[in-house]
Structures are given as C-alpha cells and as structure tokens.
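Pasting start-v4.cif here (mmCIF, C-alpha atoms):
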```
data_final
loop_
_atom_site.group_PDB
_atom_site.id
_atom_site.type_symbol
_atom_site.label_atom_id
_atom_site.label_comp_id
_atom_site.auth_asym_id
_atom_site.auth_seq_id
_atom_site.Cartn_x
_atom_site.Cartn_y
_atom_site.Cartn_z
ATOM 1 C CA MET A 13 -14.134 -77.968 43.199
ATOM 2 C CA SER A 14 -13.695 -74.302 43.740
ATOM 3 C CA GLU A 15 -16.463 -71.913 42.878
ATOM 4 C CA ILE A 16 -15.795 -69.401 40.133
ATOM 5 C CA GLN A 17 -16.371 -65.912 41.421
ATOM 6 C CA GLY A 18 -18.463 -63.450 39.539
ATOM 7 C CA VAL A 19 -20.707 -65.930 37.649
ATOM 8 C CA PRO A 20 -24.387 -65.294 38.397
ATOM 9 C CA PRO A 21 -26.508 -68.241 39.536
ATOM 10 C CA PRO A 22 -28.554 -69.999 36.816
ATOM 11 C CA ASP A 23 -31.854 -68.508 37.977
ATOM 12 C CA ALA A 24 -30.522 -64.918 38.086
ATOM 13 C CA ALA A 25 -31.031 -62.755 35.017
ATOM 14 C CA PRO A 26 -27.903 -60.931 33.824
ATOM 15 C CA GLU A 27 -27.805 -57.149 34.302
ATOM 16 C CA PRO A 28 -28.543 -55.210 31.144
ATOM 17 C CA THR A 29 -25.459 -53.595 29.595
ATOM 18 C CA LEU A 30 -25.487 -50.225 27.766
ATOM 19 C CA PRO A 31 -24.330 -50.195 24.149
ATOM 20 C CA PRO A 32 -21.000 -48.422 23.533
ATOM 21 C CA PRO A 33 -21.368 -44.822 22.439
ATOM 22 C CA ASP A 34 -21.059 -44.054 18.768
ATOM 23 C CA LEU A 35 -17.876 -42.013 18.445
ATOM 24 C CA THR A 36 -17.860 -41.697 14.676
ATOM 25 C CA PRO A 37 -18.202 -38.029 13.611
ATOM 26 C CA PRO A 38 -21.367 -37.156 11.756
ATOM 27 C CA SER A 39 -20.962 -36.947 8.026
ATOM 28 C CA PRO A 40 -21.199 -33.362 6.757
ATOM 29 C CA SER A 41 -24.404 -32.567 5.000
ATOM 30 C CA PRO A 42 -23.894 -31.791 1.330
ATOM 31 C CA ARG A 43 -24.190 -28.113 0.460
ATOM 32 C CA SER A 44 -27.206 -27.434 -1.621
ATOM 33 C CA ILE A 45 -26.570 -25.908 -5.031
ATOM 34 C CA PRO A 46 -28.604 -22.732 -5.611
ATOM 35 C CA THR A 47 -31.329 -23.221 -8.148
ATOM 36 C CA ILE A 48 -31.862 -21.015 -11.184
ATOM 37 C CA LYS A 49 -34.822 -19.449 -9.428
ATOM 38 C CA THR A 50 -32.686 -18.573 -6.392
ATOM 39 C CA LEU A 51 -29.926 -17.105 -8.533
ATOM 40 C CA THR A 52 -32.486 -15.073 -10.442
ATOM 41 C CA ALA A 53 -33.849 -13.712 -7.167
ATOM 42 C CA TRP A 54 -30.342 -12.771 -5.994
ATOM 43 C CA ALA A 55 -29.334 -11.161 -9.298
ATOM 44 C CA PRO A 56 -30.907 -7.698 -8.710
ATOM 45 C CA LEU A 57 -29.142 -7.371 -5.344
ATOM 46 C CA TYR A 58 -25.709 -8.227 -6.745
ATOM 47 C CA LEU A 59 -26.286 -6.046 -9.793
ATOM 48 C CA ARG A 60 -27.129 -3.086 -7.557
ATOM 49 C CA LYS A 61 -23.984 -3.640 -5.494
ATOM 50 C CA THR A 62 -21.841 -3.988 -8.623
ATOM 51 C CA ASP A 63 -23.385 -0.886 -10.136
ATOM 52 C CA ALA A 64 -22.775 1.097 -6.925
ATOM 53 C CA THR A 65 -19.124 -0.045 -6.774
ATOM 54 C CA ILE A 66 -18.469 0.870 -10.404
ATOM 55 C CA ALA A 67 -20.146 4.261 -9.925
ATOM 56 C CA HIS A 68 -17.989 4.834 -6.816
ATOM 57 C CA LEU A 69 -14.787 3.999 -8.709
ATOM 58 C CA ASN A 70 -15.880 6.279 -11.530
ATOM 59 C CA ARG A 71 -16.244 9.174 -9.070
ATOM 60 C CA ILE A 72 -12.715 8.528 -7.816
ATOM 61 C CA LEU A 73 -11.221 8.259 -11.310
ATOM 62 C CA SER A 74 -12.992 11.426 -12.465
ATOM 63 C CA THR A 75 -10.381 13.574 -10.663
ATOM 64 C CA PRO A 76 -6.573 13.563 -11.140
ATOM 65 C CA ARG A 77 -6.022 13.199 -7.413
ATOM 66 C CA GLY A 78 -8.377 10.229 -7.201
ATOM 67 C CA THR A 79 -6.751 8.549 -10.199
ATOM 68 C CA ASP A 80 -3.287 9.013 -8.698
ATOM 69 C CA SER A 81 -4.398 7.583 -5.336
ATOM 70 C CA LEU A 82 -5.688 4.421 -7.013
ATOM 71 C CA LEU A 83 -2.629 4.084 -9.248
ATOM 72 C CA SER A 84 -0.317 4.630 -6.270
ATOM 73 C CA PHE A 85 -1.951 1.805 -4.342
ATOM 74 C CA LEU A 86 -1.881 -0.525 -7.367
ATOM 75 C CA CYS A 87 1.743 0.362 -8.149
ATOM 76 C CA TYR A 88 3.181 -0.427 -4.733
ATOM 77 C CA SER A 89 0.897 -3.386 -3.976
ATOM 78 C CA SER A 90 1.897 -4.953 -7.319
ATOM 79 C CA LEU A 91 5.564 -4.478 -6.459
ATOM 80 C CA LEU A 92 5.035 -5.975 -2.999
ATOM 81 C CA THR A 93 3.160 -8.991 -4.374
ATOM 82 C CA SER A 94 5.796 -9.473 -7.067
ATOM 83 C CA THR A 95 8.600 -9.480 -4.489
ATOM 84 C CA VAL A 96 6.808 -11.963 -2.234
ATOM 85 C CA LEU A 97 6.060 -14.328 -5.147
ATOM 86 C CA SER A 98 9.627 -14.042 -6.438
ATOM 87 C CA ASN A 99 11.073 -14.895 -3.027
ATOM 88 C CA LEU A 100 8.659 -17.812 -2.721
ATOM 89 C CA SER A 101 9.649 -19.158 -6.128
ATOM 90 C CA THR A 102 13.358 -18.782 -5.321
ATOM 91 C CA HIS A 103 12.856 -20.629 -2.045
ATOM 92 C CA GLN A 104 11.162 -23.489 -3.900
ATOM 93 C CA LEU A 105 14.032 -23.710 -6.403
ATOM 94 C CA HIS A 106 16.586 -23.778 -3.590
ATOM 95 C CA ALA A 107 14.634 -26.503 -1.814
ATOM 96 C CA ARG A 108 14.570 -28.674 -4.957
ATOM 97 C CA ALA A 109 18.281 -28.142 -5.591
ATOM 98 C CA ARG A 110 19.054 -29.004 -1.972
ATOM 99 C CA ALA A 111 17.025 -32.208 -2.278
ATOM 100 C CA VAL A 112 18.987 -33.269 -5.392
ATOM 101 C CA ILE A 113 22.306 -32.544 -3.682
ATOM 102 C CA GLU A 114 21.295 -34.516 -0.581
ATOM 103 C CA LYS A 115 20.344 -37.516 -2.732
ATOM 104 C CA ALA A 116 23.693 -37.323 -4.536
ATOM 105 C CA LEU A 117 25.595 -37.189 -1.243
ATOM 106 C CA ALA A 118 23.682 -40.224 0.012
ATOM 107 C CA LEU A 119 25.006 -42.419 -2.853
ATOM 108 C CA PRO A 120 27.775 -44.940 -2.089
ATOM 109 C CA GLU A 121 31.335 -43.666 -2.221
ATOM 110 C CA GLY A 122 32.844 -43.802 -5.683
ATOM 111 C CA THR A 123 29.501 -43.528 -7.445
ATOM 112 C CA THR A 124 29.640 -41.384 -10.554
ATOM 113 C CA VAL A 125 26.717 -39.095 -11.182
ATOM 114 C CA VAL A 126 26.099 -38.127 -14.793
ATOM 115 C CA LEU A 127 23.584 -35.403 -15.675
ATOM 116 C CA ASP A 128 22.331 -35.447 -19.242
ATOM 117 C CA VAL A 129 21.176 -31.937 -20.059
ATOM 118 C CA THR A 130 20.830 -32.403 -23.803
ATOM 119 C CA ASN A 131 17.116 -33.109 -23.556
ATOM 120 C CA LEU A 132 16.538 -31.280 -20.292
ATOM 121 C CA GLU A 133 13.342 -29.256 -20.305
ATOM 122 C CA ILE A 134 13.229 -26.421 -17.807
ATOM 123 C CA ARG A 135 9.671 -25.679 -16.824
ATOM 124 C CA ARG A 136 8.940 -22.058 -16.064
ATOM 125 C CA SER A 137 7.437 -21.593 -12.646
ATOM 126 C CA GLY A 138 3.969 -20.066 -12.783
ATOM 127 C CA VAL A 139 4.710 -18.181 -9.588
ATOM 128 C CA LEU A 140 7.881 -16.686 -11.086
ATOM 129 C CA VAL A 141 6.043 -15.679 -14.256
ATOM 130 C CA ALA A 142 3.326 -13.974 -12.206
ATOM 131 C CA ALA A 143 5.980 -12.146 -10.175
ATOM 132 C CA LYS A 144 7.685 -10.907 -13.344
ATOM 133 C CA ARG A 145 4.427 -9.643 -14.826
ATOM 134 C CA LEU A 146 3.367 -7.892 -11.631
ATOM 135 C CA LYS A 147 6.725 -6.132 -11.461
ATOM 136 C CA ALA A 148 6.291 -5.019 -15.068
ATOM 137 C CA LEU A 149 2.809 -3.723 -14.172
ATOM 138 C CA SER A 150 4.251 -1.786 -11.240
ATOM 139 C CA ALA A 151 6.906 -0.204 -13.473
ATOM 140 C CA LEU A 152 4.280 0.736 -16.073
ATOM 141 C CA ILE A 153 2.034 2.371 -13.461
ATOM 142 C CA SER A 154 5.011 4.250 -12.024
ATOM 143 C CA ASP A 155 5.824 5.568 -15.493
ATOM 144 C CA CYS A 156 2.202 6.672 -15.983
ATOM 145 C CA ARG A 157 2.173 8.518 -12.658
ATOM 146 C CA ILE A 158 5.396 10.376 -13.482
ATOM 147 C CA PHE A 159 3.986 11.344 -16.880
ATOM 148 C CA ALA A 160 0.805 12.634 -15.242
ATOM 149 C CA ARG A 161 2.920 14.778 -12.896
ATOM 150 C CA LEU A 162 4.542 16.641 -15.800
ATOM 151 C CA TRP A 163 1.927 19.346 -15.360
ATOM 152 C CA GLY A 164 2.532 19.536 -11.607
ATOM 153 C CA LEU A 165 4.324 22.869 -11.994
ATOM 154 C CA LEU A 166 0.988 24.464 -12.911
ATOM 155 C CA SER A 167 -0.677 23.322 -9.682
ATOM 156 C CA LEU A 168 2.424 24.395 -7.735
ATOM 157 C CA TYR A 169 2.110 27.849 -9.262
ATOM 158 C CA ARG A 170 -1.480 28.090 -8.035
ATOM 159 C CA TRP A 171 -0.446 26.827 -4.606
ATOM 160 C CA GLY A 172 2.353 29.377 -4.332
ATOM 161 C CA ARG A 173 0.102 32.168 -5.586
ATOM 162 C CA GLY A 174 -2.456 31.271 -2.920
ATOM 163 C CA VAL A 175 0.223 31.437 -0.198
ATOM 164 C CA LEU A 176 1.351 34.876 -1.370
ATOM 165 C CA VAL A 177 -2.233 36.116 -1.462
ATOM 166 C CA ARG A 178 -2.771 35.008 2.126
ATOM 167 C CA ILE A 179 0.469 36.619 3.270
ATOM 168 C CA HIS A 180 -0.411 39.976 1.704
ATOM 169 C CA ALA A 181 -4.012 39.737 2.881
ATOM 170 C CA LYS A 182 -2.846 39.343 6.482
ATOM 171 C CA ASP A 183 -0.432 42.267 6.066
ATOM 172 C CA ASP A 184 -3.182 44.531 4.738
ATOM 173 C CA GLU A 185 -5.604 43.563 7.492
ATOM 174 C CA GLY A 186 -2.959 44.100 10.152
ATOM 175 C CA GLY A 187 -4.411 41.292 12.249
ATOM 176 C CA GLU A 188 -2.748 38.388 13.960
ATOM 177 C CA ARG A 189 -1.319 35.836 11.585
ATOM 178 C CA ASP A 190 0.540 32.553 11.784
ATOM 179 C CA GLY A 191 3.797 33.681 10.243
ATOM 180 C CA VAL A 192 5.580 30.415 11.022
ATOM 181 C CA GLY A 193 2.817 28.354 9.443
ATOM 182 C CA LEU A 194 2.828 30.484 6.299
ATOM 183 C CA GLY A 195 6.626 30.282 6.207
ATOM 184 C CA ILE A 196 6.508 26.477 6.364
ATOM 185 C CA GLU A 197 3.951 26.362 3.568
ATOM 186 C CA ALA A 198 5.992 28.769 1.432
ATOM 187 C CA ALA A 199 9.091 26.615 1.971
ATOM 188 C CA GLN A 200 7.108 23.563 0.867
ATOM 189 C CA VAL A 201 6.133 25.348 -2.336
ATOM 190 C CA VAL A 202 9.794 26.145 -3.066
ATOM 191 C CA VAL A 203 11.141 22.631 -2.449
ATOM 192 C CA ASN A 204 8.308 21.131 -4.496
ATOM 193 C CA LEU A 205 9.134 23.454 -7.398
ATOM 194 C CA PHE A 206 12.709 22.125 -7.403
ATOM 195 C CA TYR A 207 11.459 18.557 -6.995
ATOM 196 C CA GLN A 208 9.018 18.825 -9.902
ATOM 197 C CA PHE A 209 11.493 20.587 -12.206
ATOM 198 C CA LEU A 210 14.209 17.986 -11.647
ATOM 199 C CA GLU A 211 11.831 15.040 -11.981
ATOM 200 C CA ASN A 212 10.362 16.425 -15.216
ATOM 201 C CA GLY A 213 13.824 17.027 -16.668
ATOM 202 C CA ALA A 214 15.143 13.573 -15.755
ATOM 203 C CA TYR A 215 12.007 11.820 -17.025
ATOM 204 C CA LEU A 216 11.837 13.676 -20.355
ATOM 205 C CA SER A 217 15.584 13.211 -20.893
ATOM 206 C CA GLY A 218 15.216 9.493 -20.262
ATOM 207 C CA LYS A 219 12.548 9.405 -22.972
ATOM 208 C CA GLY A 220 14.754 11.332 -25.400
ATOM 209 C CA VAL A 221 12.717 14.537 -25.287
ATOM 210 C CA LEU A 222 15.428 16.567 -23.529
ATOM 211 C CA GLY A 223 19.183 16.259 -23.887
ATOM 212 C CA TRP A 224 20.387 15.761 -20.327
ATOM 213 C CA SER A 225 23.206 13.227 -20.094
ATOM 214 C CA GLY A 226 22.841 9.989 -18.174
ATOM 215 C CA GLU A 227 24.951 11.347 -15.315
ATOM 216 C CA THR A 228 22.835 14.499 -15.143
ATOM 217 C CA GLN A 229 19.672 12.410 -15.130
ATOM 218 C CA ASN A 230 20.904 10.311 -12.208
ATOM 219 C CA LYS A 231 21.804 13.408 -10.229
ATOM 220 C CA ALA A 232 18.415 14.948 -11.028
ATOM 221 C CA TRP A 233 16.584 11.854 -9.789
ATOM 222 C CA LEU A 234 18.612 11.886 -6.564
ATOM 223 C CA TRP A 235 18.100 15.572 -5.886
ATOM 224 C CA SER A 236 14.408 15.483 -6.755
ATOM 225 C CA SER A 237 13.964 12.792 -4.081
ATOM 226 C CA ARG A 238 15.952 14.886 -1.619
ATOM 227 C CA PHE A 239 13.673 17.867 -2.206
ATOM 228 C CA TRP A 240 10.712 15.530 -1.718
ATOM 229 C CA ALA A 241 12.293 14.437 1.579
ATOM 230 C CA SER A 242 12.509 18.125 2.549
ATOM 231 C CA HIS A 243 8.793 18.487 1.865
ATOM 232 C CA VAL A 244 8.052 15.494 4.114
ATOM 233 C CA ALA A 245 10.229 16.931 6.893
ATOM 234 C CA LEU A 246 8.415 20.271 6.653
ATOM 235 C CA ASP A 247 5.103 18.442 6.766
ATOM 236 C CA PHE A 248 6.141 16.758 10.021
ATOM 237 C CA ILE A 249 6.845 20.213 11.465
ATOM 238 C CA ARG A 250 3.448 21.442 10.274
ATOM 239 C CA LEU A 251 1.690 18.451 11.829
ATOM 240 C CA GLY A 252 3.554 18.958 15.105
ATOM 241 C CA ARG A 253 2.509 22.604 15.295
ATOM 242 C CA GLU A 254 -1.093 21.711 14.479
ATOM 243 C CA PHE A 255 -1.114 19.095 17.243
ATOM 244 C CA VAL A 256 0.203 21.575 19.833
ATOM 245 C CA ALA A 257 -2.262 24.271 18.717
ATOM 246 C CA ARG A 258 -5.163 21.827 18.881
ATOM 247 C CA ARG A 259 -4.210 20.714 22.381
ATOM 248 C CA GLN A 260 -4.028 24.353 23.505
ATOM 249 C CA LEU A 261 -7.456 24.989 21.983
ATOM 250 C CA ARG A 262 -8.922 22.077 23.924
ATOM 251 C CA LYS A 263 -7.506 23.500 27.159
ATOM 252 C CA GLU A 264 -8.973 26.927 26.479
ATOM 253 C CA MET A 265 -12.366 25.492 25.576
ATOM 254 C CA LYS A 266 -12.195 23.193 28.647
ATOM 255 C CA GLU A 267 -14.040 20.599 26.638
ATOM 256 C CA LYS A 268 -13.593 18.621 23.486
ATOM 257 C CA VAL A 269 -14.021 20.546 20.272
ATOM 258 C CA GLY A 270 -17.035 19.475 18.225
ATOM 259 C CA THR A 271 -14.968 18.217 15.270
ATOM 260 C CA GLU A 272 -12.353 16.532 17.457
ATOM 261 C CA LYS A 273 -12.908 13.017 16.101
ATOM 262 C CA GLU A 274 -12.740 14.116 12.465
ATOM 263 C CA TRP A 275 -9.653 16.268 13.080
ATOM 264 C CA THR A 276 -7.838 13.450 14.916
ATOM 265 C CA ARG A 277 -8.608 10.961 12.152
ATOM 266 C CA LYS A 278 -7.294 13.356 9.489
ATOM 267 C CA TRP A 279 -4.165 14.211 11.507
ATOM 268 C CA ARG A 280 -3.314 10.562 12.143
ATOM 269 C CA ARG A 281 -3.791 9.671 8.488
ATOM 270 C CA GLU A 282 -1.490 12.480 7.302
ATOM 271 C CA PHE A 283 1.112 11.544 9.914
ATOM 272 C CA ALA A 284 1.008 7.863 8.877
ATOM 273 C CA VAL A 285 1.344 8.725 5.181
ATOM 274 C CA ASN A 286 4.377 10.927 5.871
ATOM 275 C CA ALA A 287 5.873 8.262 8.152
ATOM 276 C CA ALA A 288 5.571 5.731 5.318
ATOM 277 C CA PHE A 289 6.998 8.050 2.664
ATOM 278 C CA ALA A 290 9.892 9.382 4.775
ATOM 279 C CA PRO A 291 12.058 6.221 4.493
ATOM 280 C CA LEU A 292 11.277 6.006 0.771
ATOM 281 C CA THR A 293 12.435 9.562 0.101
ATOM 282 C CA LEU A 294 15.689 8.806 1.919
ATOM 283 C CA HIS A 295 16.032 5.533 0.010
ATOM 284 C CA TRP A 296 15.625 7.215 -3.393
ATOM 285 C CA GLY A 297 17.718 10.209 -2.349
ATOM 286 C CA ILE A 298 20.826 8.146 -1.568
ATOM 287 C CA GLU A 299 22.894 6.613 -4.334
ATOM 288 C CA GLY A 300 22.528 2.844 -4.075
ATOM 289 C CA GLY A 301 19.423 3.120 -1.906
ATOM 290 C CA LEU A 302 18.758 1.856 1.588
ATOM 291 C CA VAL A 303 16.145 -0.901 1.286
ATOM 292 C CA GLY A 304 15.018 -3.527 -1.202
ATOM 293 C CA ASP A 305 11.877 -3.839 -3.278
ATOM 294 C CA PHE A 306 10.042 -5.615 -0.459
ATOM 295 C CA TRP A 307 10.196 -2.661 1.922
ATOM 296 C CA VAL A 308 9.532 -0.219 -0.907
ATOM 297 C CA GLY A 309 6.380 -2.218 -1.623
ATOM 298 C CA VAL A 310 5.349 -2.396 2.031
ATOM 299 C CA LEU A 311 5.829 1.306 2.781
ATOM 300 C CA GLY A 312 4.349 2.405 -0.521
ATOM 301 C CA THR A 313 1.319 0.151 -0.083
ATOM 302 C CA VAL A 314 0.684 1.629 3.367
ATOM 303 C CA ALA A 315 0.862 5.189 2.058
ATOM 304 C CA GLY A 316 -1.093 4.432 -1.100
ATOM 305 C CA GLY A 317 -3.692 2.380 0.750
ATOM 306 C CA LEU A 318 -4.330 5.156 3.260
ATOM 307 C CA GLY A 319 -4.697 7.695 0.486
ATOM 308 C CA PHE A 320 -7.054 5.521 -1.537
ATOM 309 C CA ARG A 321 -9.149 4.690 1.510
ATOM 310 C CA GLU A 322 -9.540 8.412 2.214
ATOM 311 C CA MET A 323 -10.593 9.058 -1.379
ATOM 312 C CA TRP A 324 -13.076 6.180 -1.167
ATOM 313 C CA ARG A 325 -14.522 7.631 2.019
ATOM 314 C CA ASN A 326 -14.760 11.177 0.664
ATOM 315 C CA THR A 327 -16.463 10.110 -2.571
ATOM 316 C CA ALA A 328 -19.031 7.843 -0.907
ATOM 317 C CA GLU A 329 -22.642 8.815 -1.482
ATOM 318 C CA SER A 330 -24.429 9.941 1.669
#
```

Entire entry expressed as structure tokens:
Amino acid sequence: MSEIQGVPPPDAAPEPTLPPPDLTPPSPSPRSIPTIKTLTAWAPLYLRKTDATIAHLNRILSTPRGTDSLLSFLCYSSLLTSTVLSNLSTHQLHARARAVIEKALALPEGTTVVLDVTNLEIRRSGVLVAAKRLKALSALISDCRIFARLWGLLSLYRWGRGVLVRIHAKDDEGGERDGVGLGIEAAQVVVNLFYQFLENGAYLSGKGVLGWSGETQNKAWLWSSRFWASHVALDFIRLGREFVARRQLRKEMKEKVGTEKEWTRKWRREFAVNAAFAPLTLHWGIEGGLVGDFWVGVLGTVAGGLGFREMWRNTAES
C-alpha cells in the first residue's frame, strides 16, 4: 500500500493556520445630527456672516455703477444657464424620440403601429420650464439696464467736459502733455454720445414714447452697437499705449514700480473685459448676428463677472 504524501504522522500536531483576512469594507459611521445646543452656538457666527454679506451687497447697490455690475452679471449668467438647460432638455427629448423609433423599427415586418393621441398627456419638462423662466429674467434685466442708461448722456457730458478742461489746462500751462491719449479719450466721448443717443431713441421708440419706425429702430440698434465697438477698439489702443509707457517707466526706474502689482491686475482686468465685449459688439452690430445665445451668455458672464468681482473687492471693508 502506497503512502500518501503530505499527511502528518498521528503523533505530530498540525501547524497552526492563520485566519483569512477580512476584506469587507468598514461600514461608514453615521453622521451625527447637530443638537439644538450646537445650532444655537453656531447661530451668532452665521448671523454675523449673513449680516456682513448683506451689508456688502448694500454698499454695491448704493451706486448706479455697482447696481449695473450686479445686473450685468445676473443678466448674462441667466441667459447662459437658460441656454444650457434648454439644450439639455432638447437632448433628452431627442433621446426619448430616438428610443421610440428604434423600438418601432425592431418590430416584425408588416406590423402596424397605431398611436392614439386623443388622451395623450404631454408633461412639461421642469428643465425646459426653468430655462424659459431664466431667459425671461435675462430679458427683463436687460430691459432694466437699458432704461437705467437713458440718463447716460448726462454722465457723457461731464466726461467730455472733463476732457476739454484737461486739454485747455495743458495748453495754458504750456507743459508736456499726452496729446494722443487725450485724443483717444475725446474720440471715445464722441462715439459714446452717438451710441447713447441711438440706443435711447431705439428703446423709447420700441416702447411707444418716440415715433421712429421699426426699420429706423433696427438701424439705430445696429449703429449703436457699432459705435460701442468703436469705443472698445479705442480702449484697446489706450491699453496698448499704457502698457508700453509702463514698460518704459520700469526701464527708467531700473526696478519695479511700487504699485506694479495693483497696476498689472487692473490692466489685465480691463483688457479681459474688452476682449469679452469685443465679439459681442460685432455680433450686435451685424444684421443677423454672429453667434448664438450660448456664446453671448459665456462672453457676457465673463465680462459681467469680472466687473462685479472688482466692485466686490473695492467695496470690501478694510
């Protein structure tokens, strides 16, 4: 009889074996619910933060420029969100329709498909409803901003008067002056006067206050955007000259200017805002436009967000 290999003799104790490791993941510990006492202790902190945020927003909304910066951001971000939700809802509808068509094509040949639509209930998509309401909010905010700009000619008058005062002051002093810079600023005043006049006329005519015809209104909207585009182009020239002058100043000083970081931050912000608005002015200045609501929302949100962030920073309490 052959001996079976590997079986220990009767008087030999078997070697102890280790238990298999426990590979089951540990169960997550339940999150403890804050008690009333804890919430009461946290309340003063959250109330202080809420109070500080509301006070900060109030400081922004206390000035026309601050109000417009907030409304601009809300206007374009609402339009962007509306476009994204609308596209998402449309994609879902297409996917459902495609699924129904694929099921119909999978039926045996000769099968007749009958759709009874007499009692068909079409459920409104919540996403589509939200998109529609956000777009309506964006249009309402846009209307409010245009109405608030009706008095823009008064601020343009003060701007132009200030430019003329500086020009004559430099002439009287006989000192060195930046004639090109003053010329650019004066040109901006002129194009903005045309822009504001045409926008006011088209807006008030659309509301029935003035008697411009529909064709005249459309032309006024187009040309007002073109004058706005001219302002943006002049601002790019101004920013370019400021960049060159600042670089020359750094070379002459042979060291960084004390306010270099603040100046660079401000210059970059103004350049980014103009870069975002430039395509929009071309879009609105061409009949039929260039881009859709999505890109209008994206570019406008960038410009509005940068402006609102700057207002938030400038109105922060030290």

message = Assuming the chain letters and numbering stay as they are in my file, what does the PyMOL selection byres ((chain A and resi 171) around 12) actually select? List them as a PyMOL selection string.
response = chain A and resi 164-170+172-178+194+197-202+204-205

inquiry  = Applying 10 Å and all atoms listed in the file, which residues near Gly297 in chain A remain after dropping the ones on its own chain fewer than 3 positions away? List them as a list in words.
reply    =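 In the requested form, the answer reads Lys231, Ala232, Trp233, Leu234, Trp235, Ser236, Ser237, Arg238, Phe239, Trp240, Ala241, Pro291, Leu292, Thr293, Leu294, Gly300, Gly301 and Leu302 of chain A.
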
message = For Val314 in chain A, find every residue with an atom within 12 Å (counting all atoms listed in the file), except residues of its own chain fewer than 6 positions away, and show them as number ranges by chain.
response = A: 81, 84-89, 92, 281-289, 292, 307-308, 320-321

Using only C-alpha atoms, which protein or nucleic acid residues come within 8 Å of Ser98 in chain A? Drop anything in the same chain fewer than 4 positions from it, and give the result as an mmCIF file with C-alpha atoms, keeping the file's coordinate frame.
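Done, and the output landed in around.cif:
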```cif
data_model
loop_
_atom_site.group_PDB
_atom_site.id
_atom_site.type_symbol
_atom_site.label_atom_id
_atom_site.label_comp_id
_atom_site.auth_asym_id
_atom_site.auth_seq_id
_atom_site.Cartn_x
_atom_site.Cartn_y
_atom_site.Cartn_z
ATOM 1 C CA SER A 94 5.796 -9.473 -7.067
ATOM 2 C CA THR A 102 13.358 -18.782 -5.321
ATOM 3 C CA VAL A 139 4.710 -18.181 -9.588
ATOM 4 C CA LEU A 140 7.881 -16.686 -11.086
ATOM 5 C CA ALA A 143 5.980 -12.146 -10.175
ATOM 6 C CA LYS A 144 7.685 -10.907 -13.344
#
```

remark   = As a check of understanding: the span from CA of Asn212 in chain A to CA of Asp155 in chain A is 11.8 Å

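The two atoms in question, CA of Leu216 in chain A and CA of Thr313 in chain A, are spaced 26.5 Å apart.
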
task = Return the single residue from A:Ala67, A:Ala55, A:Val203, A:Arg280 that is closest to Phe248 in chain A, with distances computed using only C-alpha atoms.
result =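 Going through A:Ala67, A:Ala55, A:Val203, A:Arg280 one by one, the smallest distance to Phe248 in chain A is for A:Arg280.
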
Box dimensions and centre (Å, one decimal) enclosing range 218-237 of chain A, axis-aligned, 3 Å extra per side, as lines of an AutoDock Vina configuration file:
```
center_x = 18.7
center_y = 13.0
center_z = -14.7
size_x = 18.4
size_y = 13.2
size_z = 27.3
```

query = Smallest atom-to-atom distance to Lys278 in chain A: which of A:Leu100, A:Val256, A:Val244, A:Leu318, using all atoms listed in the file?
reply = A:Leu318

query = Contacts of Phe159 in chain A at 12 Å or less, counting all atoms listed in the file, minus same-chain residues fewer than 3 places along, as a ChimeraX atom specification?
reply = /A:80,152-156,162-164,208,211-216,218-219

remark   = CA of Leu146 in chain A to CA of Leu91 in chain A measures 6.6 Å
